[in-house]
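These notes are about the structure you will find just below.
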Protein chains: 4
Amino acid sequence: MRAVVYKEPFRVAVEEVPDARMQDPTDVLIRVTSTCICGSDLHMYEGRTGAEPGIVFGHENMGVVEEVGPGVAKLQPGDRISLPFNVACGFCRNCEANRTGFCLTVNPGFGGGAYGYVAMGPYTGGQAEYLRVPFADFNALKLPSGDEHEADFAMLADIFPTGYHGSEMAQVGPGDTVAVYGAGPVGLMAAYSSLLRGAAKVFSVDRVPNRLNLAERIGAIPVNYDEVDAVQYITDQTNGDGTDKGIDAVGYQATVSGGGEEQPAIVLNSLVYTVRATGRIGTIGLYVPSDPGAPSEEAANGRLLFEIGKFFEKGLSMGTGQCNVKSYNRQLRDMIIAGRAEPSFVVSKELPLDEAPDAYERFDKREEGYSKIVLHPHAA
Amino acid sequence: MRAVVYKEPFRVAVEEVPDARMQDPTDVLIRVTSTCICGSDLHMYEGRTGAEPGIVFGHENMGVVEEVGPGVAKLQPGDRISLPFNVACGFCRNCEANRTGFCLTVNPGFGGGAYGYVAMGPYTGGQAEYLRVPFADFNALKLPSGDEHEADFAMLADIFPTGYHGSEMAQVGPGDTVAVYGAGPVGLMAAYSSLLRGAAKVFSVDRVPNRLNLAERIGAIPVNYDEVDAVQYITDQTNGDGTDKGIDAVGYQATVSGGGEEQPAIVLNSLVYTVRATGRIGTIGLYVPSDPGAPSEEAANGRLLFEIGKFFEKGLSMGTGQCNVKSYNRQLRDMIIAGRAEPSFVVSKELPLDEAPDAYERFDKREEGYSKIVLHPHAA
Amino acid sequence: MRAVVYKEPFRVAVEEVPDARMQDPTDVLIRVTSTCICGSDLHMYEGRTGAEPGIVFGHENMGVVEEVGPGVAKLQPGDRISLPFNVACGFCRNCEANRTGFCLTVNPGFGGGAYGYVAMGPYTGGQAEYLRVPFADFNALKLPSGDEHEADFAMLADIFPTGYHGSEMAQVGPGDTVAVYGAGPVGLMAAYSSLLRGAAKVFSVDRVPNRLNLAERIGAIPVNYDEVDAVQYITDQTNGDGTDKGIDAVGYQATVSGGGEEQPAIVLNSLVYTVRATGRIGTIGLYVPSDPGAPSEEAANGRLLFEIGKFFEKGLSMGTGQCNVKSYNRQLRDMIIAGRAEPSFVVSKELPLDEAPDAYERFDKREEGYSKIVLHPHAA
Amino acid sequence: MRAVVYKEPFRVAVEEVPDARMQDPTDVLIRVTSTCICGSDLHMYEGRTGAEPGIVFGHENMGVVEEVGPGVAKLQPGDRISLPFNVACGFCRNCEANRTGFCLTVNPGFGGGAYGYVAMGPYTGGQAEYLRVPFADFNALKLPSGDEHEADFAMLADIFPTGYHGSEMAQVGPGDTVAVYGAGPVGLMAAYSSLLRGAAKVFSVDRVPNRLNLAERIGAIPVNYDEVDAVQYITDQTNGDGTDKGIDAVGYQATVSGGGEEQPAIVLNSLVYTVRATGRIGTIGLYVPSDPGAPSEEAANGRLLFEIGKFFEKGLSMGTGQCNVKSYNRQLRDMIIAGRAEPSFVVSKELPLDEAPDAYERFDKREEGYSKIVLHPHAA
């Protein structure tokens, strides 16, 4: 079958690879109808991880069931399903607690598995014609048959639930004011989720005009931190109080205004000043325990200067970590079906598989129109 | 009236001061029957804060109502009451949300007020014969009349609720394993609260044998970090997983083993390694945005090197901040009355007011028998 | 001052009554700018309660502060405020637990007080020029000065929070399907609140076309139970499952289809069949322990034949009781200010005080255009 | 293999039946080491259900894995496991929401499956030498190997989690007062769970002296409703307020004092009067939609006269339904292992399988010493 294969830093190719195939009685095999390129794929693409050449990318997958193992009870060939990016078993202590992002079974010695990602277990990616789905009864979310809402549903594998996870960890509720740092696809989903949950005012902080335009379109208040001091601006817009809640959708690769140097803790610390006393912060932007490219040795080991004194004085709390997609994808799917959510507003391009190498290159350069790309491996 | 007055670093005196008196229609005045010396009083005592000479100490107060303002509906002279260390109004946004430790009314420009504490508003301390209680209907917790459980009830003003707050922020539940760093009075209350909530195994980490003995007496597992690597030991005792929950009852004055240098973030970062992925941390040990005596300039400004990379990877969450005593003191009082909690096990001495100067000195030197002192201002 | 006074069954009059005046240091006095007629006023109007002639009606009040007691800290003359229909003290056990609808202080021997309502304490109603507000710091919700959003804010005293309370007790969340029985003003607010919280599909069940039209206008699915079997219809529209959540906004005066006889338990029991197993029901429609006009002796004593066997088999849960307005009015106010909620869509008429007698008569007859009436006592 | 087989009303026999055997790749087979007789087995035993002769009883099972299907990942032969009485799939909407008692897969057309129980699906009971366990990865809870705590662990299949479920639905917390109606094995577990969660005062209401003695032994306050009016007594013991929380561990077969006639709603309605306004009720005692032996036609159809008027006026809430064992058994297991819970205090007899017929007879007659029986099918 054909798949997107990592060749070397800054180069992927579409090549023939061994067919995806059934391995366990609880597997299914799907024909991939949509699979997205994610910002986190770029970490590998840029060679900033230990990803070896040969790996097939793709953790935002959906498709139609082709083959069903004898230990599968829920699925039939022909079922259209969405797959959470997390591979999870469904029966370990963490899965039982709905923390499927930290499954103890699928990737022993490390919490959590994913398709097509370095260090996340032996699960081939879905930027390919076919995909093996382990523990299929647990991992698959059924979708209405047909091809309606395809692009919306494609957001269910990762970014819509991930954005929602930020709003959940921050406990965003009706009437809240919320500051979301980062208006890339995930940050937009966090702002969008906050609005769907009834937030009164959502601030979207970024410096890319395109992103800020999208934020405004969905009802958020755009804040360009190249133009204003974001903390001060948001404080002023909230009667001098700061927001009730905050979401970090940037992570450790945060840069100062003007697009200058990386300051890994700048967003986190800005949130400490943006959110009012007693507030809550949901951190979905990535922080890593090891980052060889970091600006300091401490940062390279995942230790950042954090405003803990202020954080404590204000009585703040913070939740972090990758999303447990299964905690949210069912309800978000139902909002899409009911016409009450349309997350595909972030999608900028839909392409056949063959255009993946070019799309990676442009996406990595942040070319306009390449902010969120959906691949259709079986497109004509 | 007579009161404990701060004179200069390392010296308090019992002196005549102006009588406590009614100021507002919603005040009451109490005759103080018990008032404790708190570890946080030592910050001022040691001259490490901006506390001016002349301040009357004492934020852990209880007593009997003497005088009642015309705007008070709940209280009568003769009522025995406990006062949360936080002074709160009952009607601001934060009080409405039960975050009375961050009252916006009683100490404008800063969240939260307290009796007898620098920068916590104009509320004279209770290490004195009498005490004015503002917003008395809201702040007072009624106790059974008489003098039964006096020492237990004296713990309701601060340390029992504060310890409980740690267990609440960490969401300790039945069957949980919990690591509590610090076995001073507050740490012991955190361990005790965790056990009262049904925790299966509670580890108490400290290096003072006396404290560890008390921890063991209440059913916790003592861990002496001068003798073992606490993280490793607890990991081994939890099947290599780490604990479900963690509580930081030490704060920024944490020291390395052997009682050596201060490493302000060592407890916080140890918890990141002690608690298993998906776990929760409750931080009740103090972190401050400004600490002139800190070992580094960054620390002096409340910025510490925090293991955020590991914290995120493990999907941890953390709650912080001073306790909202009113959220817990009613239920803890009822446990005391029912004989199901006896927090006075931490009390090492009960003394008349005149012995306060000597007690402060010995407490500051961590002399045995001076770990938790209750003063009785009207004792013969 | 002039006020709406209950004279006898089916008759109110606008008359001179003794001026509202300050009684306690914690009171304020307001000039009433808006006060609504509520469906529950009709219980008294129709003579179905023990309300004595002479009582001044009005529990949905807002206005501008005229006079401030010496024990009030938050309010100044000129402040525009909304008053929850519940009068509450702020410091009893129930108020502390945010159950202000069950305040133990303001109406001793019975849980909960209200303005202008029989058996709810000595608090004169606000369908008058002026109103005394007890425990004013606690009860008042500040509004932006001026007269913007007057009709929206008028909904904050009762029906918007009450509708929201139904959605809260039912734990309506994003993606949920919800059945709301009753599309009167409160039922519409329950449907509206469910939608604001992100519900995917909300069914509004009623038989009055006008109400159903309004329901449809806000995005709910109207279900006319004169035309279809509501349980069957909703079951069919939810893949045969039933809804995730249900709200009873009708109560004991429920009637069978066609507007026939009262069957006090018909809505409650319909919900047991409408909501799927594991679902939750929020009951805001009134049930009373004593109803002399009930169709049976058991019903007259508040005992109804309830489908407890089915309820248990399905593992349902139910919350009930009058709304604790203060739990919600701040956040709902902020949604109004931010333009994200506009509850005044239910208002059908705004009238001067003098037209109250006529309005009561027409409202009682369910005349079109008289479903939700706001009175302005100081209108020219 | 040998098993307890239902022959006719009031008679079971130990007979040879076809061996339990593997059916699906996700099954395991266990050698049953302990299996309990449950009060709900008596419903079938007495012929009050549609149970056909030939059914093998037993839904409270534990044992050691003998055989493992190829689709099972977690278990190995030799593993000692506890089985929740609910059979559940792990991937349906209800299982995902941790409502495993309402699994939609294992018993289509009806929510929820169980071993050895009429109408709960095709799952043979465990009062037998061997047992087939479907969806084994999901259903099995691993236990420490060996035979320590055997009787305690035997309580994990049903009654300990079921009692705990009552305390969870009632939201029992530290300091609460709780009324538990019923002090049979499940009621005792509810009282015990409430105490483990930190309740200040737990009242156990029953009329059987033996049960009341056990209640007292674990720290509850026994209330014999043959001797006192339970509602009045508990009200008096709670300052006239009533309890914060209530648990119904009796259900529809409730009888009036003196052991007289059945009054199916008497416990539920007593709780409405026992619990204070704003309180919560957890109902684990069974109510059924169809009971041919009921004292009235309405009761026969699951409709009971419920004090909804009072329930609403007091703002009460209620959760119901059979326990989702998996929500609690892991943490309760850990409390047993840590020595913090010892639920086997309710066990009155441990017997070999052959004595089951005699034990059923004596248990049905409520003979002393036969209140909770554990069978050991492989005992010598």
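Every chain in the structure tokens has a letter given in the order shown (A, B, ...), and although residue numbers restart at 1 in each chain, ligands are simply numbered from 1 in the order shown.
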
Item checked: Distance-based interface of chain B with chain D, 10 Å, counting only C-alpha atoms, as a PyMOL selection string -> chain B and resi 173-177+193+195-201+219+328-341

Note to self: What's around region 17-28 of chain B at 8 Å? Count only C-alpha atoms, leave out sequence neighbours fewer than 6 positions away in its own chain, and write the answer as a ChimeraX atom specification.
What the structure shows: /B:1-3,65-72,130-137 /C:25,70-71

Can you tell me which residues surround Ser204 (chain D) at a distance of at most 7 Å, considering only C-alpha atoms, apart from same-chain residues fewer than 2 positions away, and format the answer as an mmCIF file with C-alpha atoms, in the first residue's frame?
data_model
loop_
_atom_site.group_PDB
_atom_site.id
_atom_site.type_symbol
_atom_site.label_atom_id
_atom_site.label_comp_id
_atom_site.auth_asym_id
_atom_site.auth_seq_id
_atom_site.Cartn_x
_atom_site.Cartn_y
_atom_site.Cartn_z
ATOM 1 C CA ALA D 179 -29.427 7.494 57.744
ATOM 2 C CA VAL D 180 -29.192 4.003 56.271
ATOM 3 C CA TYR D 181 -32.467 2.099 56.165
ATOM 4 C CA GLY D 182 -31.783 -1.614 56.207
ATOM 5 C CA ALA D 183 -28.965 -3.401 57.988
ATOM 6 C CA ALA D 191 -23.178 2.141 56.612
ATOM 7 C CA VAL D 202 -24.374 6.968 60.655
ATOM 8 C CA ASP D 206 -33.557 -2.264 61.073
ATOM 9 C CA ALA D 215 -24.048 -2.087 62.776
ATOM 10 C CA ALA D 220 -22.976 3.034 63.386
ATOM 11 C CA ILE D 221 -25.857 4.017 65.685
ATOM 12 C CA PRO D 222 -28.436 1.225 65.687
ATOM 13 C CA VAL D 223 -32.091 2.249 65.410
#

Notebook entry, point to check: Contacts of region 102-105 of chain B at 8 Å or less, counting only C-alpha atoms, minus same-chain residues fewer than 2 places along, as an MDAnalysis selection string?
Noted result: (chainID A and resid 277:278 314) or (chainID B and resid 87:90 92:95 99:100 107:113 324)

Write the residues of the preceding selection, restricted to N, CA, C and O atoms, as a CSV table (one decimal), in the first residue's frame.
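What follows is the written file result-v4.csv:
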chain,number,residue,atom,x,y,z
A,277,ALA,N,-6.9,35.7,40.4
A,277,ALA,CA,-6.8,34.9,41.5
A,277,ALA,C,-8.0,33.9,41.6
A,277,ALA,O,-9.1,34.3,41.4
A,278,THR,N,-7.7,32.7,42.0
A,278,THR,CA,-8.6,31.5,42.1
A,278,THR,C,-8.9,30.9,40.7
A,278,THR,O,-9.7,29.9,40.7
A,314,LYS,N,-1.9,33.6,44.1
A,314,LYS,CA,-3.2,33.8,43.4
A,314,LYS,C,-4.1,32.5,43.6
A,314,LYS,O,-5.3,32.5,43.1
B,87,VAL,N,-10.0,36.5,57.1
B,87,VAL,CA,-11.1,37.4,57.3
B,87,VAL,C,-11.8,37.6,55.9
B,87,VAL,O,-11.1,37.8,54.9
B,88,ALA,N,-13.1,37.5,55.9
B,88,ALA,CA,-13.8,37.5,54.6
B,88,ALA,C,-15.1,38.2,54.7
B,88,ALA,O,-15.7,38.2,55.8
B,89,CYS,N,-15.6,38.7,53.6
B,89,CYS,CA,-16.8,39.5,53.6
B,89,CYS,C,-18.1,38.7,53.4
B,89,CYS,O,-19.2,39.0,53.9
B,90,GLY,N,-18.0,37.6,52.6
B,90,GLY,CA,-19.2,36.8,52.4
B,90,GLY,C,-20.0,37.2,51.2
B,90,GLY,O,-21.0,36.5,50.8
B,92,CYS,N,-18.5,39.0,48.1
B,92,CYS,CA,-17.8,39.3,46.9
B,92,CYS,C,-17.8,38.1,46.0
B,92,CYS,O,-18.2,37.0,46.4
B,93,ARG,N,-17.3,38.3,44.8
B,93,ARG,CA,-17.3,37.2,43.8
B,93,ARG,C,-16.6,35.9,44.3
B,93,ARG,O,-17.0,34.8,44.2
B,94,ASN,N,-15.4,36.2,45.0
B,94,ASN,CA,-14.6,35.0,45.4
B,94,ASN,C,-15.3,34.4,46.7
B,94,ASN,O,-15.3,33.1,46.7
B,95,CYS,N,-15.8,35.1,47.6
B,95,CYS,CA,-16.5,34.5,48.7
B,95,CYS,C,-17.7,33.7,48.2
B,95,CYS,O,-18.0,32.6,48.7
B,99,ARG,N,-14.3,30.8,47.8
B,99,ARG,CA,-12.9,31.1,47.9
B,99,ARG,C,-12.6,32.2,48.9
B,99,ARG,O,-12.1,33.3,48.5
B,100,THR,N,-13.0,32.0,50.1
B,100,THR,CA,-12.9,33.0,51.2
B,100,THR,C,-11.4,33.4,51.5
B,100,THR,O,-11.2,34.5,52.1
B,107,ASN,N,-9.4,43.4,52.0
B,107,ASN,CA,-8.0,43.8,51.9
B,107,ASN,C,-7.8,44.3,50.5
B,107,ASN,O,-7.1,43.7,49.7
B,108,PRO,N,-8.4,45.4,50.2
B,108,PRO,CA,-8.5,45.9,48.8
B,108,PRO,C,-7.1,45.9,48.1
B,108,PRO,O,-6.1,46.3,48.7
B,109,GLY,N,-7.1,45.5,46.9
B,109,GLY,CA,-5.9,45.5,46.1
B,109,GLY,C,-5.1,44.3,46.2
B,109,GLY,O,-4.1,44.0,45.6
B,110,PHE,N,-5.6,43.4,47.1
B,110,PHE,CA,-4.9,42.1,47.3
B,110,PHE,C,-5.9,41.1,47.7
B,110,PHE,O,-6.9,41.4,48.4
B,111,GLY,N,-5.8,39.9,47.2
B,111,GLY,CA,-6.8,38.9,47.5
B,111,GLY,C,-6.6,38.3,48.8
B,111,GLY,O,-5.6,37.6,49.0
B,112,GLY,N,-7.5,38.5,49.8
B,112,GLY,CA,-7.4,37.8,51.0
B,112,GLY,C,-7.0,38.6,52.2
B,112,GLY,O,-6.0,39.4,52.1
B,113,GLY,N,-7.6,38.4,53.3
B,113,GLY,CA,-7.3,39.1,54.6
B,113,GLY,C,-7.1,38.0,55.7
B,113,GLY,O,-7.5,36.9,55.6
B,324,ASN,N,-9.2,28.1,52.1
B,324,ASN,CA,-10.5,28.7,52.3
B,324,ASN,C,-11.2,28.0,53.5
B,324,ASN,O,-11.9,27.1,53.3

Notebook entry, point to check: So which bits of region 86-307 of chain D end up strand (DSSP E or B) when you DSSP the backbone, as a PyMOL selection string?
Noted result: chain D and resi 86-87+113-114+128+130-133+141-143+177-181+201-206+221-224+243-248+255+262+275-283+304-306

Test item: residues at most 10 Å from Ser270 (chain A), only C-alpha atoms, excluding those fewer than 2 positions along its chain, as a PDB file with N, CA and C atoms, in the first residue's frame:
ATOM      1  N   TYR A 181      -4.036  31.263  24.782  1.00  0.00           N
ATOM      2  CA  TYR A 181      -2.788  31.617  24.096  1.00  0.00           C
ATOM      3  C   TYR A 181      -2.540  30.615  22.989  1.00  0.00           C
ATOM      4  N   ALA A 230      -0.189  41.490  25.642  1.00  0.00           N
ATOM      5  CA  ALA A 230      -1.399  40.664  25.781  1.00  0.00           C
ATOM      6  C   ALA A 230      -1.924  40.676  27.212  1.00  0.00           C
ATOM      7  N   VAL A 231      -1.033  40.525  28.184  1.00  0.00           N
ATOM      8  CA  VAL A 231      -1.485  40.500  29.579  1.00  0.00           C
ATOM      9  C   VAL A 231      -2.197  41.803  29.922  1.00  0.00           C
ATOM     10  N   GLY A 246      -7.744  30.182  31.822  1.00  0.00           N
ATOM     11  CA  GLY A 246      -6.736  30.359  30.798  1.00  0.00           C
ATOM     12  C   GLY A 246      -6.385  29.026  30.160  1.00  0.00           C
ATOM     13  N   ASP A 248      -3.344  27.256  27.682  1.00  0.00           N
ATOM     14  CA  ASP A 248      -2.056  27.335  26.990  1.00  0.00           C
ATOM     15  C   ASP A 248      -2.093  26.359  25.825  1.00  0.00           C
ATOM     16  N   ALA A 265       8.986  29.256  28.647  1.00  0.00           N
ATOM     17  CA  ALA A 265       7.991  29.414  29.710  1.00  0.00           C
ATOM     18  C   ALA A 265       7.162  30.671  29.562  1.00  0.00           C
ATOM     19  N   ILE A 266       7.348  31.387  28.453  1.00  0.00           N
ATOM     20  CA  ILE A 266       6.727  32.715  28.399  1.00  0.00           C
ATOM     21  C   ILE A 266       5.201  32.664  28.377  1.00  0.00           C
ATOM     22  N   VAL A 267       4.632  31.668  27.725  1.00  0.00           N
ATOM     23  CA  VAL A 267       3.170  31.595  27.693  1.00  0.00           C
ATOM     24  C   VAL A 267       2.630  31.175  29.051  1.00  0.00           C
ATOM     25  N   LEU A 268       3.242  30.164  29.622  1.00  0.00           N
ATOM     26  CA  LEU A 268       2.809  29.690  30.935  1.00  0.00           C
ATOM     27  C   LEU A 268       2.839  30.829  31.946  1.00  0.00           C
ATOM     28  N   VAL A 272      -0.107  33.066  34.155  1.00  0.00           N
ATOM     29  CA  VAL A 272      -0.143  33.320  35.599  1.00  0.00           C
ATOM     30  C   VAL A 272      -0.553  34.767  35.875  1.00  0.00           C
ATOM     31  N   TYR A 273      -0.164  35.661  34.984  1.00  0.00           N
ATOM     32  CA  TYR A 273      -0.532  37.069  35.154  1.00  0.00           C
ATOM     33  C   TYR A 273      -1.868  37.420  34.486  1.00  0.00           C
ATOM     34  N   THR A 274      -2.276  36.621  33.507  1.00  0.00           N
ATOM     35  CA  THR A 274      -3.511  36.916  32.781  1.00  0.00           C
ATOM     36  C   THR A 274      -4.748  36.458  33.538  1.00  0.00           C
ATOM     37  N   VAL A 275      -4.619  35.336  34.241  1.00  0.00           N
ATOM     38  CA  VAL A 275      -5.773  34.734  34.909  1.00  0.00           C
ATOM     39  C   VAL A 275      -5.898  35.327  36.307  1.00  0.00           C
ATOM     40  N   GLU A 307       6.637  30.885  37.379  1.00  0.00           N
ATOM     41  CA  GLU A 307       6.230  31.885  38.380  1.00  0.00           C
ATOM     42  C   GLU A 307       5.395  31.231  39.477  1.00  0.00           C
TER      43      GLU A 307
END

Using only C-alpha atoms, tabulate the residues of region 304-368 of chain A lying at most 10 Å from any atom of region 287-291 of chain A, each with its closest atom pair and that distance in Å to one decimal, by chain and increasing residue number, as JSON lines.
{"residue": "A:Leu304", "atom": "CA", "partner": "A:Tyr287", "partner_atom": "CA", "distance": 9.7}
{"residue": "A:Thr320", "atom": "CA", "partner": "A:Tyr287", "partner_atom": "CA", "distance": 9.3}
{"residue": "A:Gly321", "atom": "CA", "partner": "A:Tyr287", "partner_atom": "CA", "distance": 8.6}

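With only C-alpha atoms as the basis for measurement, B:Gly63 is the residue among B:Pro357, B:Gly63, B:Gly121, B:Gly166 that approaches Leu83 (chain B) most closely.
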
Check: Can you tell me, as number ranges by chain, what residues are no more than 7 Å from Cys36 (chain D) when counting only C-alpha atoms, ignoring any on the same chain fewer than 2 positions away?
Finding: D: 34, 38, 58, 60-61, 373-375
